[in-house]
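A.B. asks: Data file my_file-v2.cif (mmCIF, C-alpha atoms, pLDDT in the B column; chains and numbers go by the auth columns) is appended below.
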data_target
#
loop_
_atom_site.group_PDB
_atom_site.id
_atom_site.type_symbol
_atom_site.label_atom_id
_atom_site.label_comp_id
_atom_site.label_asym_id
_atom_site.label_seq_id
_atom_site.Cartn_x
_atom_site.Cartn_y
_atom_site.Cartn_z
_atom_site.B_iso_or_equiv
_atom_site.auth_seq_id
_atom_site.auth_asym_id
ATOM 1 C CA MET A 1 7.988 -5.386 31.558 34.00 16 H
ATOM 2 C CA GLY A 2 6.274 -4.571 28.266 37.00 17 H
ATOM 3 C CA ALA A 3 4.933 -7.516 26.330 41.00 18 H
ATOM 4 C CA HIS A 4 2.500 -8.729 28.960 47.00 19 H
ATOM 5 C CA HIS A 5 1.208 -5.266 29.884 57.00 20 H
ATOM 6 C CA ASP A 6 -1.785 -3.580 28.333 73.00 21 H
ATOM 7 C CA ASP A 7 -0.945 -1.293 25.438 81.00 22 H
ATOM 8 C CA LEU A 8 -0.681 2.167 26.976 79.00 23 H
ATOM 9 C CA HIS A 9 -0.708 4.018 23.663 88.00 24 H
ATOM 10 C CA ASP A 10 -3.703 4.928 21.533 82.00 25 H
ATOM 11 C CA ALA A 11 -3.514 3.951 17.884 84.00 26 H
ATOM 12 C CA ALA A 12 -2.294 6.782 15.676 83.00 27 H
ATOM 13 C CA GLU A 13 -4.850 8.593 13.529 85.00 28 H
ATOM 14 C CA PRO A 14 -5.022 6.385 10.406 85.00 29 H
ATOM 15 C CA HIS A 15 -6.509 8.598 7.722 81.00 30 H
ATOM 16 C CA GLY A 16 -4.303 9.799 4.915 85.00 31 H
ATOM 17 C CA ARG A 17 -1.049 8.224 6.120 93.00 32 H
ATOM 18 C CA ALA A 18 1.064 5.193 5.311 96.00 33 H
ATOM 19 C CA LEU A 19 0.472 1.755 6.746 97.00 34 H
ATOM 20 C CA ARG A 20 3.007 1.173 9.531 98.00 35 H
ATOM 21 C CA LEU A 21 4.288 -2.399 9.564 98.00 36 H
ATOM 22 C CA GLY A 22 6.221 -3.726 12.555 98.00 37 H
ATOM 23 C CA ILE A 23 8.627 -6.637 12.077 98.00 38 H
ATOM 24 C CA GLY A 24 9.855 -8.416 15.207 96.00 39 H
ATOM 25 C CA GLY A 25 11.381 -11.695 16.284 95.00 40 H
ATOM 26 C CA PRO A 26 14.358 -13.265 18.047 94.00 41 H
ATOM 27 C CA VAL A 27 17.977 -12.398 17.299 93.00 42 H
ATOM 28 C CA GLY A 28 19.147 -14.022 14.065 94.00 43 H
ATOM 29 C CA SER A 29 15.732 -15.037 12.774 96.00 44 H
ATOM 30 C CA GLY A 30 16.153 -12.999 9.593 96.00 45 H
ATOM 31 C CA LYS A 31 14.254 -9.778 10.303 97.00 46 H
ATOM 32 C CA THR A 32 16.711 -7.513 8.514 97.00 47 H
ATOM 33 C CA ALA A 33 16.955 -9.932 5.588 97.00 48 H
ATOM 34 C CA LEU A 34 13.154 -9.863 5.362 98.00 49 H
ATOM 35 C CA VAL A 35 13.097 -6.068 5.394 98.00 50 H
ATOM 36 C CA ALA A 36 15.695 -6.041 2.619 98.00 51 H
ATOM 37 C CA ALA A 37 13.664 -8.552 0.619 98.00 52 H
ATOM 38 C CA LEU A 38 10.469 -6.535 0.981 98.00 53 H
ATOM 39 C CA CYS A 39 12.247 -3.350 -0.072 98.00 54 H
ATOM 40 C CA ARG A 40 13.766 -5.176 -3.040 97.00 55 H
ATOM 41 C CA THR A 41 10.377 -6.487 -4.169 97.00 56 H
ATOM 42 C CA LEU A 42 8.088 -3.591 -3.300 97.00 57 H
ATOM 43 C CA GLY A 43 10.423 -0.610 -3.719 96.00 58 H
ATOM 44 C CA PRO A 44 9.786 -0.202 -7.456 95.00 59 H
ATOM 45 C CA SER A 45 6.022 0.099 -6.898 95.00 60 H
ATOM 46 C CA LEU A 46 5.446 1.449 -3.389 97.00 61 H
ATOM 47 C CA ARG A 47 6.771 4.563 -1.665 97.00 62 H
ATOM 48 C CA LEU A 48 8.662 3.159 1.292 98.00 63 H
ATOM 49 C CA GLY A 49 10.367 4.246 4.469 98.00 64 H
ATOM 50 C CA VAL A 50 12.253 2.044 6.964 98.00 65 H
ATOM 51 C CA VAL A 51 13.107 2.460 10.649 98.00 66 H
ATOM 52 C CA THR A 52 15.525 0.015 12.282 98.00 67 H
ATOM 53 C CA ASN A 53 16.158 -0.548 15.985 96.00 68 H
ATOM 54 C CA ASP A 54 19.464 -1.602 17.547 94.00 69 H
ATOM 55 C CA ILE A 55 20.464 -1.225 21.167 92.00 70 H
ATOM 56 C CA TYR A 56 23.779 0.591 20.755 91.00 71 H
ATOM 57 C CA THR A 57 24.624 0.532 17.031 93.00 72 H
ATOM 58 C CA THR A 58 23.108 1.334 13.632 95.00 73 H
ATOM 59 C CA GLU A 59 24.163 -2.034 12.216 95.00 74 H
ATOM 60 C CA ASP A 60 20.829 -3.073 10.696 96.00 75 H
ATOM 61 C CA ALA A 61 20.309 0.293 9.002 97.00 76 H
ATOM 62 C CA ASP A 62 23.885 0.210 7.705 97.00 77 H
ATOM 63 C CA PHE A 63 23.299 -3.277 6.277 95.00 78 H
ATOM 64 C CA LEU A 64 20.187 -2.121 4.422 97.00 79 H
ATOM 65 C CA ARG A 65 21.941 0.976 3.066 97.00 80 H
ATOM 66 C CA ARG A 66 24.856 -1.091 1.791 96.00 81 H
ATOM 67 C CA ALA A 67 22.433 -3.524 0.183 95.00 82 H
ATOM 68 C CA GLY A 68 21.037 -0.682 -1.919 95.00 83 H
ATOM 69 C CA VAL A 69 17.464 -1.955 -1.697 95.00 84 H
ATOM 70 C CA ILE A 70 15.992 1.554 -1.433 96.00 85 H
ATOM 71 C CA ASP A 71 17.295 5.123 -1.281 97.00 86 H
ATOM 72 C CA PRO A 72 19.566 5.184 1.823 97.00 87 H
ATOM 73 C CA GLU A 73 17.976 8.465 2.924 97.00 88 H
ATOM 74 C CA ARG A 74 14.716 6.596 3.429 98.00 89 H
ATOM 75 C CA ILE A 75 16.269 4.404 6.152 98.00 90 H
ATOM 76 C CA LEU A 76 16.515 5.796 9.692 98.00 91 H
ATOM 77 C CA ALA A 77 18.160 4.090 12.663 97.00 92 H
ATOM 78 C CA VAL A 78 16.975 4.218 16.270 96.00 93 H
ATOM 79 C CA GLN A 79 19.464 3.337 19.013 95.00 94 H
ATOM 80 C CA THR A 80 17.193 2.156 21.805 92.00 95 H
ATOM 81 C CA GLY A 81 19.765 1.925 24.624 89.00 96 H
ATOM 82 C CA CYS A 82 17.449 -0.622 26.254 87.00 97 H
ATOM 83 C CA CYS A 83 15.665 -3.910 25.642 88.00 98 H
ATOM 84 C CA PRO A 84 14.179 -3.806 22.133 87.00 99 H
ATOM 85 C CA HIS A 85 10.597 -4.481 23.256 88.00 100 H
ATOM 86 C CA THR A 86 10.691 -1.337 25.412 91.00 101 H
ATOM 87 C CA ALA A 87 11.231 0.892 22.386 94.00 102 H
ATOM 88 C CA ILE A 88 8.474 -0.703 20.302 95.00 103 H
ATOM 89 C CA ARG A 89 5.863 -1.082 23.027 93.00 104 H
ATOM 90 C CA ASP A 90 6.444 0.899 26.214 92.00 105 H
ATOM 91 C CA ASP A 91 8.320 4.072 25.236 94.00 106 H
ATOM 92 C CA ILE A 92 7.706 4.374 21.518 96.00 107 H
ATOM 93 C CA ALA A 93 8.639 8.062 21.231 96.00 108 H
ATOM 94 C CA ALA A 94 11.954 7.585 19.393 96.00 109 H
ATOM 95 C CA ASN A 95 10.371 5.290 16.840 97.00 110 H
ATOM 96 C CA LEU A 96 7.389 7.564 16.331 96.00 111 H
ATOM 97 C CA ASP A 97 9.749 10.493 15.799 97.00 112 H
ATOM 98 C CA ALA A 98 11.626 8.508 13.153 98.00 113 H
ATOM 99 C CA VAL A 99 8.422 7.445 11.394 97.00 114 H
ATOM 100 C CA GLU A 100 7.104 10.995 11.370 96.00 115 H
ATOM 101 C CA THR A 101 10.444 12.315 10.101 97.00 116 H
ATOM 102 C CA LEU A 102 10.273 9.958 7.129 97.00 117 H
ATOM 103 C CA GLU A 103 6.685 10.991 6.412 95.00 118 H
ATOM 104 C CA GLU A 104 7.613 14.682 6.567 96.00 119 H
ATOM 105 C CA ARG A 105 10.672 14.286 4.333 96.00 120 H
ATOM 106 C CA PHE A 106 9.341 11.871 1.740 95.00 121 H
ATOM 107 C CA GLY A 107 5.581 11.775 2.157 84.00 122 H
ATOM 108 C CA PRO A 108 3.098 10.817 1.106 94.00 123 H
ATOM 109 C CA LEU A 109 4.301 7.265 1.672 96.00 124 H
ATOM 110 C CA ASP A 110 2.519 3.966 1.122 97.00 125 H
ATOM 111 C CA LEU A 111 4.370 1.863 3.700 98.00 126 H
ATOM 112 C CA VAL A 112 6.713 2.444 6.641 98.00 127 H
ATOM 113 C CA ILE A 113 8.477 -0.657 7.976 98.00 128 H
ATOM 114 C CA VAL A 114 9.683 -0.589 11.580 98.00 129 H
ATOM 115 C CA GLU A 115 12.117 -3.382 12.408 97.00 130 H
ATOM 116 C CA SER A 116 12.563 -4.210 16.074 95.00 131 H
ATOM 117 C CA GLY A 117 15.888 -5.201 17.525 93.00 132 H
ATOM 118 C CA GLY A 118 16.138 -8.932 18.201 89.00 133 H
ATOM 119 C CA ASP A 119 14.004 -9.955 21.163 88.00 134 H
ATOM 120 C CA ASN A 120 12.225 -12.992 22.579 87.00 135 H
ATOM 121 C CA LEU A 121 8.840 -14.593 21.939 89.00 136 H
ATOM 122 C CA THR A 122 7.025 -11.995 24.031 85.00 137 H
ATOM 123 C CA ALA A 123 7.967 -8.970 21.916 88.00 138 H
ATOM 124 C CA THR A 124 4.997 -7.187 20.348 94.00 139 H
ATOM 125 C CA PHE A 125 4.484 -3.703 18.930 96.00 140 H
ATOM 126 C CA SER A 126 2.238 -1.067 20.433 96.00 141 H
ATOM 127 C CA ARG A 127 -0.710 -0.254 18.212 95.00 142 H
ATOM 128 C CA GLY A 128 0.384 3.329 18.689 95.00 143 H
ATOM 129 C CA LEU A 129 3.412 2.486 16.540 97.00 144 H
ATOM 130 C CA ALA A 130 2.476 -0.390 14.199 97.00 145 H
ATOM 131 C CA ASP A 131 -0.830 -0.985 12.434 97.00 146 H
ATOM 132 C CA ARG A 132 0.137 -4.517 11.398 98.00 147 H
ATOM 133 C CA GLN A 133 2.796 -6.849 12.785 98.00 148 H
ATOM 134 C CA ILE A 134 4.940 -9.642 11.357 98.00 149 H
ATOM 135 C CA PHE A 135 6.777 -11.966 13.751 98.00 150 H
ATOM 136 C CA VAL A 136 9.749 -13.880 12.345 97.00 151 H
ATOM 137 C CA LEU A 137 11.008 -17.226 13.636 97.00 152 H
ATOM 138 C CA ASP A 138 13.640 -19.457 12.087 96.00 153 H
ATOM 139 C CA VAL A 139 13.887 -23.220 12.080 96.00 154 H
ATOM 140 C CA SER A 140 17.291 -23.354 13.770 93.00 155 H
ATOM 141 C CA GLY A 141 15.604 -22.884 17.132 89.00 156 H
ATOM 142 C CA GLY A 142 13.930 -26.253 16.637 92.00 157 H
ATOM 143 C CA ASP A 143 10.450 -27.327 15.639 94.00 158 H
ATOM 144 C CA LYS A 144 9.217 -26.903 19.226 95.00 159 H
ATOM 145 C CA VAL A 145 9.326 -23.088 19.092 95.00 160 H
ATOM 146 C CA PRO A 146 5.865 -22.365 17.606 96.00 161 H
ATOM 147 C CA ARG A 147 4.061 -24.452 20.220 94.00 162 H
ATOM 148 C CA LYS A 148 5.799 -22.489 22.986 93.00 163 H
ATOM 149 C CA GLY A 149 3.612 -19.609 21.913 92.00 164 H
ATOM 150 C CA GLY A 150 4.219 -16.210 23.444 93.00 165 H
ATOM 151 C CA PRO A 151 2.494 -12.990 22.379 94.00 166 H
ATOM 152 C CA GLY A 152 4.770 -12.465 19.384 94.00 167 H
ATOM 153 C CA VAL A 153 3.960 -15.889 17.957 96.00 168 H
ATOM 154 C CA THR A 154 0.274 -15.973 18.807 96.00 169 H
ATOM 155 C CA SER A 155 -0.863 -12.395 18.204 95.00 170 H
ATOM 156 C CA ALA A 156 1.127 -11.097 15.209 97.00 171 H
ATOM 157 C CA ASP A 157 -0.932 -10.508 12.087 98.00 172 H
ATOM 158 C CA LEU A 158 1.477 -12.756 10.182 98.00 173 H
ATOM 159 C CA LEU A 159 3.925 -15.368 11.476 98.00 174 H
ATOM 160 C CA VAL A 160 6.885 -16.031 9.181 98.00 175 H
ATOM 161 C CA VAL A 161 8.977 -19.162 9.681 98.00 176 H
ATOM 162 C CA ASN A 162 12.265 -18.431 7.937 98.00 177 H
ATOM 163 C CA LYS A 163 15.345 -20.454 6.915 97.00 178 H
ATOM 164 C CA THR A 164 13.383 -23.513 5.870 97.00 179 H
ATOM 165 C CA ASP A 165 16.445 -24.600 3.874 97.00 180 H
ATOM 166 C CA LEU A 166 18.154 -25.363 7.207 96.00 181 H
ATOM 167 C CA ALA A 167 15.460 -27.752 8.440 97.00 182 H
ATOM 168 C CA PRO A 168 17.229 -30.978 7.383 96.00 183 H
ATOM 169 C CA MET A 169 20.484 -29.818 8.975 95.00 184 H
ATOM 170 C CA VAL A 170 18.970 -28.985 12.358 95.00 185 H
ATOM 171 C CA GLY A 171 16.431 -31.814 12.467 95.00 186 H
ATOM 172 C CA ALA A 172 13.398 -29.541 12.359 96.00 187 H
ATOM 173 C CA ASP A 173 10.136 -30.998 11.082 97.00 188 H
ATOM 174 C CA LEU A 174 8.325 -28.315 9.082 97.00 189 H
ATOM 175 C CA THR A 175 5.078 -30.281 9.210 97.00 190 H
ATOM 176 C CA VAL A 176 5.191 -30.192 13.010 97.00 191 H
ATOM 177 C CA MET A 177 5.977 -26.472 12.984 97.00 192 H
ATOM 178 C CA SER A 178 3.074 -25.789 10.645 97.00 193 H
ATOM 179 C CA ARG A 179 0.650 -27.854 12.740 97.00 194 H
ATOM 180 C CA ASP A 180 1.717 -26.278 16.027 97.00 195 H
ATOM 181 C CA ALA A 181 1.720 -22.738 14.654 97.00 196 H
ATOM 182 C CA ALA A 182 -1.813 -23.211 13.351 96.00 197 H
ATOM 183 C CA ALA A 183 -2.904 -24.548 16.732 96.00 198 H
ATOM 184 C CA VAL A 184 -1.726 -21.487 18.681 96.00 199 H
ATOM 185 C CA ARG A 185 -2.648 -18.786 16.139 97.00 200 H
ATOM 186 C CA ASP A 186 -6.409 -19.265 15.914 94.00 201 H
ATOM 187 C CA GLY A 187 -6.589 -19.001 12.136 95.00 202 H
ATOM 188 C CA LYS A 188 -4.121 -16.144 11.622 97.00 203 H
ATOM 189 C CA PRO A 189 -1.785 -16.754 8.680 98.00 204 H
ATOM 190 C CA VAL A 190 1.600 -18.493 8.779 98.00 205 H
ATOM 191 C CA LEU A 191 4.098 -18.428 5.904 98.00 206 H
ATOM 192 C CA PHE A 192 7.206 -20.559 5.501 98.00 207 H
ATOM 193 C CA THR A 193 10.115 -19.143 3.539 97.00 208 H
ATOM 194 C CA SER A 194 13.831 -19.193 2.913 97.00 209 H
ATOM 195 C CA ILE A 195 15.013 -15.686 2.140 96.00 210 H
ATOM 196 C CA ARG A 196 18.378 -17.153 1.220 94.00 211 H
ATOM 197 C CA GLU A 197 16.650 -18.965 -1.637 96.00 212 H
ATOM 198 C CA ASP A 198 13.944 -16.377 -2.372 96.00 213 H
ATOM 199 C CA ARG A 199 15.656 -12.987 -2.120 94.00 214 H
ATOM 200 C CA GLY A 200 12.350 -11.230 -2.745 96.00 215 H
ATOM 201 C CA ALA A 201 10.348 -13.096 -0.079 97.00 216 H
ATOM 202 C CA GLN A 202 7.548 -13.116 -2.620 97.00 217 H
ATOM 203 C CA THR A 203 4.810 -14.747 -0.545 97.00 218 H
ATOM 204 C CA VAL A 204 5.416 -12.305 2.314 98.00 219 H
ATOM 205 C CA ALA A 205 5.532 -9.397 -0.140 98.00 220 H
ATOM 206 C CA ASP A 206 2.179 -10.481 -1.569 97.00 221 H
ATOM 207 C CA TRP A 207 0.695 -10.439 1.937 98.00 222 H
ATOM 208 C CA VAL A 208 2.106 -6.957 2.578 98.00 223 H
ATOM 209 C CA VAL A 209 0.710 -5.646 -0.710 97.00 224 H
ATOM 210 C CA ASN A 210 -2.726 -6.913 0.286 97.00 225 H
ATOM 211 C CA MET A 211 -2.408 -5.196 3.671 97.00 226 H
ATOM 212 C CA VAL A 212 -1.404 -1.896 2.039 97.00 227 H
ATOM 213 C CA GLY A 213 -4.280 -2.158 -0.425 95.00 228 H
ATOM 214 C CA ALA A 214 -6.788 -2.854 2.344 95.00 229 H
ATOM 215 C CA TRP A 215 -5.367 0.021 4.415 95.00 230 H
ATOM 216 C CA ARG A 216 -5.711 2.476 1.555 92.00 231 H
ATOM 217 C CA HIS A 217 -9.220 1.248 0.773 92.00 232 H
ATOM 218 C CA GLU A 218 -10.274 1.783 4.387 92.00 233 H
ATOM 219 C CA HIS A 219 -8.258 4.861 5.336 87.00 234 H
ATOM 220 C CA GLY A 220 -7.103 6.559 2.130 73.00 235 H
ATOM 221 C CA GLU A 221 -8.227 10.051 1.194 56.00 236 H
ATOM 222 C CA PRO A 222 -9.470 11.237 -2.208 42.00 237 H
ATOM 223 C CA HIS A 223 -6.295 13.201 -3.025 40.00 238 H
ATOM 224 C CA ARG A 224 -4.098 10.112 -2.548 44.00 239 H
ATOM 225 C CA HIS A 225 -4.597 8.742 -6.077 39.00 240 H
ATOM 226 C CA ALA A 226 -0.870 8.133 -6.548 40.00 241 H
ATOM 227 C CA ALA A 227 -0.701 5.899 -3.499 41.00 242 H
ATOM 228 C CA ARG A 228 -3.605 3.774 -4.611 42.00 243 H
ATOM 229 C CA GLY A 229 -2.122 3.550 -8.110 46.00 244 H
ATOM 230 C CA ALA A 230 1.178 2.350 -6.690 45.00 245 H
ATOM 231 C CA VAL A 231 -0.561 -0.327 -4.658 46.00 246 H
ATOM 232 C CA GLN A 232 -2.551 -1.460 -7.673 48.00 247 H
ATOM 233 C CA SER A 233 0.664 -1.669 -9.693 48.00 248 H
ATOM 234 C CA ALA A 234 2.267 -3.826 -7.024 47.00 249 H
ATOM 235 C CA VAL A 235 -0.771 -6.095 -6.937 41.00 250 H
ATOM 236 C CA GLN A 236 -0.660 -6.526 -10.700 44.00 251 H
ATOM 237 C CA GLN A 237 3.052 -7.373 -10.599 46.00 252 H
ATOM 238 C CA ALA A 238 2.749 -9.889 -7.758 42.00 253 H
ATOM 239 C CA PRO A 239 2.356 -13.459 -9.035 40.00 254 H
ATOM 240 C CA ALA A 240 -0.563 -15.525 -7.813 36.00 255 H
ATOM 241 C CA SER A 241 0.247 -17.449 -4.655 32.00 256 H
#
Before we go any further, please render this structure as structure tokens.
C.D. replies:
Amino acid sequence: MGAHHDDLHDAAEPHGRALRLGIGGPVGSGKTALVAALCRTLGPSLRLGVVTNDIYTTEDADFLRRAGVIDPERILAVQTGCCPHTAIRDDIAANLDAVETLEERFGPLDLVIVESGGDNLTATFSRGLADRQIFVLDVSGGDKVPRKGGPGVTSADLLVVNKTDLAPMVGADLTVMSRDAAAVRDGKPVLFTSIREDRGAQTVADWVVNMVGAWRHEHGEPHRHAARGAVQSAVQQAPAS
């Protein structure tokens, strides 16, 4: 159940709150590494909070805290006790509670990242939980994966193909992956990266900064000058793509 059902949750009231960014993808694709990279790059300029999902452990949250990419208190762990897609799409209460806790403790925030536990190509976030979604694949699954589609691949606001440095070792053709991803995504963006080689995931960070800026422009409130200033600072620091 879950990924193929209609979204049962209404989108959260957007005005005056942080952009909520969902990051999903299969086990081992590099979701947690991407979250760490985004925190590393954007943490100095944006006010961040992070929620991680694991079925029975807090492993991903513990990894991020040990990495020291942001204040450990700004990272909360959700133990779903069930398939990851259930907690980000069907019963989103635990994740919403965590997001709202971060906003109450540290708000106003600019960006809250919610990382799903590893799931398959059908995993998508409810719009009641995430305003924008990134889906992460890696090349070790083979260059056929993008053309298999699935809601995660086809509908995410951004598709990230990670671990490009492994392509020669696993026989994956990045040109084929790029062509097939473009064919199934109807013009939505695709970025290729190797977080192992680019610890700041700069191209993805640039995309996130643009999303935060657009969110604040559309939904910000007059008293949120600090948030808009932080976004502008991040934009100025981001190199041209």
A.B. asks: Padding of 5 Å on every side, edges along x, y and z, all listed atoms of segment 113-131 of chain H included: what centre and edge lengths in Å, to one decimal, does that box have, as lines of an AutoDock Vina configuration file?
C.D. replies:
center_x = 7.5
center_y = 5.2
center_z = 8.6
size_x = 20.0
size_y = 28.9
size_z = 25.0
A.B. asks: Is it possible to get the residues within 10 Å of (9.0, 10.5, -0.1) (coordinates as in the file, counting all atoms listed in the file) written as a list in words?
C.D. replies: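 Those within range, by chain then number, are Arg62, Leu63, Gly64, Asp86, Glu88, Arg89, Leu117, Glu118, Glu119, Arg120, Phe121, Gly122, Pro123, Leu124 and Asp125 of chain H.
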A.B. asks: Might you spell out which residues the PyMOL selection byres ((chain H and resi 53) around 9) would select in the displayed file, as number ranges by chain?
C.D. replies: H: 48-52, 54-58, 84, 214-217, 219-220, 223
A.B. asks: Counting only C-alpha atoms, find the residues whose atoms lie at most 7 Å from (14.2, 5.8, 9.3) (file coordinates) and write them out as an MDAnalysis selection string.
C.D. replies: chainID H and resid 64:67 89:92 113:114 117
A.B. asks: When you look at Leu152 of chain H with a cut-off of 7 Å (counting all atoms listed in the file), what residues show up, excluding the ones that are within fewer than 3 positions of it in the same chain? I need them as a list in words.
C.D. replies: Gly40, Pro41, Ser44, Val175, Val176 and Asn177 of chain H
A.B. asks: Nearest to Leu34 of chain H among H:Asp158, H:Asp146, H:Asp153, H:Asp213, with distances taken over only C-alpha atoms: which residue is it?
C.D. replies: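 Distance minimum relative to Leu34 of chain H lands on H:Asp146.
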A.B. asks: Which neighbours of segment 70-75 of chain H fall inside 7 Å, counting all atoms listed in the file, when residues of the same chain fewer than 5 positions from it are skipped, and could you give them as number ranges by chain?
C.D. replies: H: 47, 92, 94-97, 99
A.B. asks: Compare H:Gly228, H:Pro29, H:Pro204, H:Gly156 by their minimum atom-to-atom distance to Ser170 of chain H, counting all atoms listed in the file, and give me the closest one.
C.D. replies: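 Answer, going by the shortest atom-to-atom distance: H:Pro204.
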A.B. asks: Between atom CA of Leu144 of chain H and atom CA of Arg32 of chain H, what is the distance, to one decimal in Å?
C.D. replies: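 Interatomic distance here is 12.7 Å.
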A.B. asks: What's the separation between atom CA of Lys178 of chain H and atom CA of Ile103 of chain H, in Å to one decimal place?
C.D. replies: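 Atom CA of Lys178 of chain H sits 24.8 Å away from atom CA of Ile103 of chain H.
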A.B. asks: May I have the residues within 12 Å of Asp201 of chain H as JSON, numbers by chain, using all atoms listed in the file and disregarding those fewer than 5 positions away in the same chain?
C.D. replies: {"H": [164, 168, 169, 170, 171, 172, 173, 174, 194, 195, 196]}
A.B. asks: Please, what distance in Å, to one decimal, runs between atom CA of Gly37 of chain H and atom CA of Val227 of chain H?
C.D. replies: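 Straight-line distance from atom CA of Gly37 of chain H to atom CA of Val227 of chain H works out to 13.1 Å.
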A.B. asks: Can you take the partial segment 116-129 of chain H, add N, CA, C and O atoms, and return it as a PDB file, keeping the file's coordinate frame?
C.D. replies:
ATOM      1  N   THR H 116       9.408  11.646  10.890  1.00 97.00           N
ATOM      2  CA  THR H 116      10.444  12.315  10.101  1.00 97.00           C
ATOM      3  C   THR H 116      10.435  11.824   8.666  1.00 97.00           C
ATOM      4  O   THR H 116      10.520  12.611   7.709  1.00 97.00           O
ATOM      5  N   LEU H 117      10.337  10.512   8.483  1.00 97.00           N
ATOM      6  CA  LEU H 117      10.273   9.958   7.129  1.00 97.00           C
ATOM      7  C   LEU H 117       9.047  10.474   6.380  1.00 97.00           C
ATOM      8  O   LEU H 117       9.130  10.817   5.192  1.00 97.00           O
ATOM      9  N   GLU H 118       7.913  10.530   7.064  1.00 95.00           N
ATOM     10  CA  GLU H 118       6.685  10.991   6.412  1.00 95.00           C
ATOM     11  C   GLU H 118       6.783  12.466   6.036  1.00 95.00           C
ATOM     12  O   GLU H 118       6.276  12.886   4.990  1.00 95.00           O
ATOM     13  N   GLU H 119       7.449  13.261   6.873  1.00 96.00           N
ATOM     14  CA  GLU H 119       7.613  14.682   6.567  1.00 96.00           C
ATOM     15  C   GLU H 119       8.577  14.897   5.406  1.00 96.00           C
ATOM     16  O   GLU H 119       8.365  15.753   4.546  1.00 96.00           O
ATOM     17  N   ARG H 120       9.654  14.102   5.366  1.00 96.00           N
ATOM     18  CA  ARG H 120      10.672  14.286   4.333  1.00 96.00           C
ATOM     19  C   ARG H 120      10.248  13.739   2.983  1.00 96.00           C
ATOM     20  O   ARG H 120      10.536  14.328   1.940  1.00 96.00           O
ATOM     21  N   PHE H 121       9.583  12.592   2.982  1.00 95.00           N
ATOM     22  CA  PHE H 121       9.341  11.871   1.740  1.00 95.00           C
ATOM     23  C   PHE H 121       7.869  11.628   1.447  1.00 95.00           C
ATOM     24  O   PHE H 121       7.553  11.023   0.419  1.00 95.00           O
ATOM     25  N   GLY H 122       6.981  12.076   2.326  1.00 84.00           N
ATOM     26  CA  GLY H 122       5.581  11.775   2.157  1.00 84.00           C
ATOM     27  C   GLY H 122       4.986  12.427   0.924  1.00 84.00           C
ATOM     28  O   GLY H 122       5.564  13.369   0.373  1.00 84.00           O
ATOM     29  N   PRO H 123       3.816  11.935   0.502  1.00 94.00           N
ATOM     30  CA  PRO H 123       3.098  10.817   1.106  1.00 94.00           C
ATOM     31  C   PRO H 123       3.770   9.481   0.810  1.00 94.00           C
ATOM     32  O   PRO H 123       4.295   9.268  -0.282  1.00 94.00           O
ATOM     33  N   LEU H 124       3.749   8.604   1.805  1.00 96.00           N
ATOM     34  CA  LEU H 124       4.301   7.265   1.672  1.00 96.00           C
ATOM     35  C   LEU H 124       3.168   6.244   1.644  1.00 96.00           C
ATOM     36  O   LEU H 124       2.062   6.513   2.124  1.00 96.00           O
ATOM     37  N   ASP H 125       3.471   5.065   1.119  1.00 97.00           N
ATOM     38  CA  ASP H 125       2.519   3.966   1.122  1.00 97.00           C
ATOM     39  C   ASP H 125       2.743   3.028   2.304  1.00 97.00           C
ATOM     40  O   ASP H 125       1.795   2.458   2.842  1.00 97.00           O
ATOM     41  N   LEU H 126       4.023   2.858   2.692  1.00 98.00           N
ATOM     42  CA  LEU H 126       4.370   1.863   3.700  1.00 98.00           C
ATOM     43  C   LEU H 126       5.611   2.306   4.453  1.00 98.00           C
ATOM     44  O   LEU H 126       6.599   2.700   3.837  1.00 98.00           O
ATOM     45  N   VAL H 127       5.538   2.250   5.798  1.00 98.00           N
ATOM     46  CA  VAL H 127       6.713   2.444   6.641  1.00 98.00           C
ATOM     47  C   VAL H 127       6.934   1.156   7.427  1.00 98.00           C
ATOM     48  O   VAL H 127       6.038   0.690   8.128  1.00 98.00           O
ATOM     49  N   ILE H 128       8.119   0.569   7.271  1.00 98.00           N
ATOM     50  CA  ILE H 128       8.477  -0.657   7.976  1.00 98.00           C
ATOM     51  C   ILE H 128       9.316  -0.297   9.190  1.00 98.00           C
ATOM     52  O   ILE H 128      10.310   0.424   9.071  1.00 98.00           O
ATOM     53  N   VAL H 129       8.918  -0.788  10.347  1.00 98.00           N
ATOM     54  CA  VAL H 129       9.683  -0.589  11.580  1.00 98.00           C
ATOM     55  C   VAL H 129      10.195  -1.948  12.026  1.00 98.00           C
ATOM     56  O   VAL H 129       9.412  -2.836  12.378  1.00 98.00           O
TER      57      VAL H 129
END
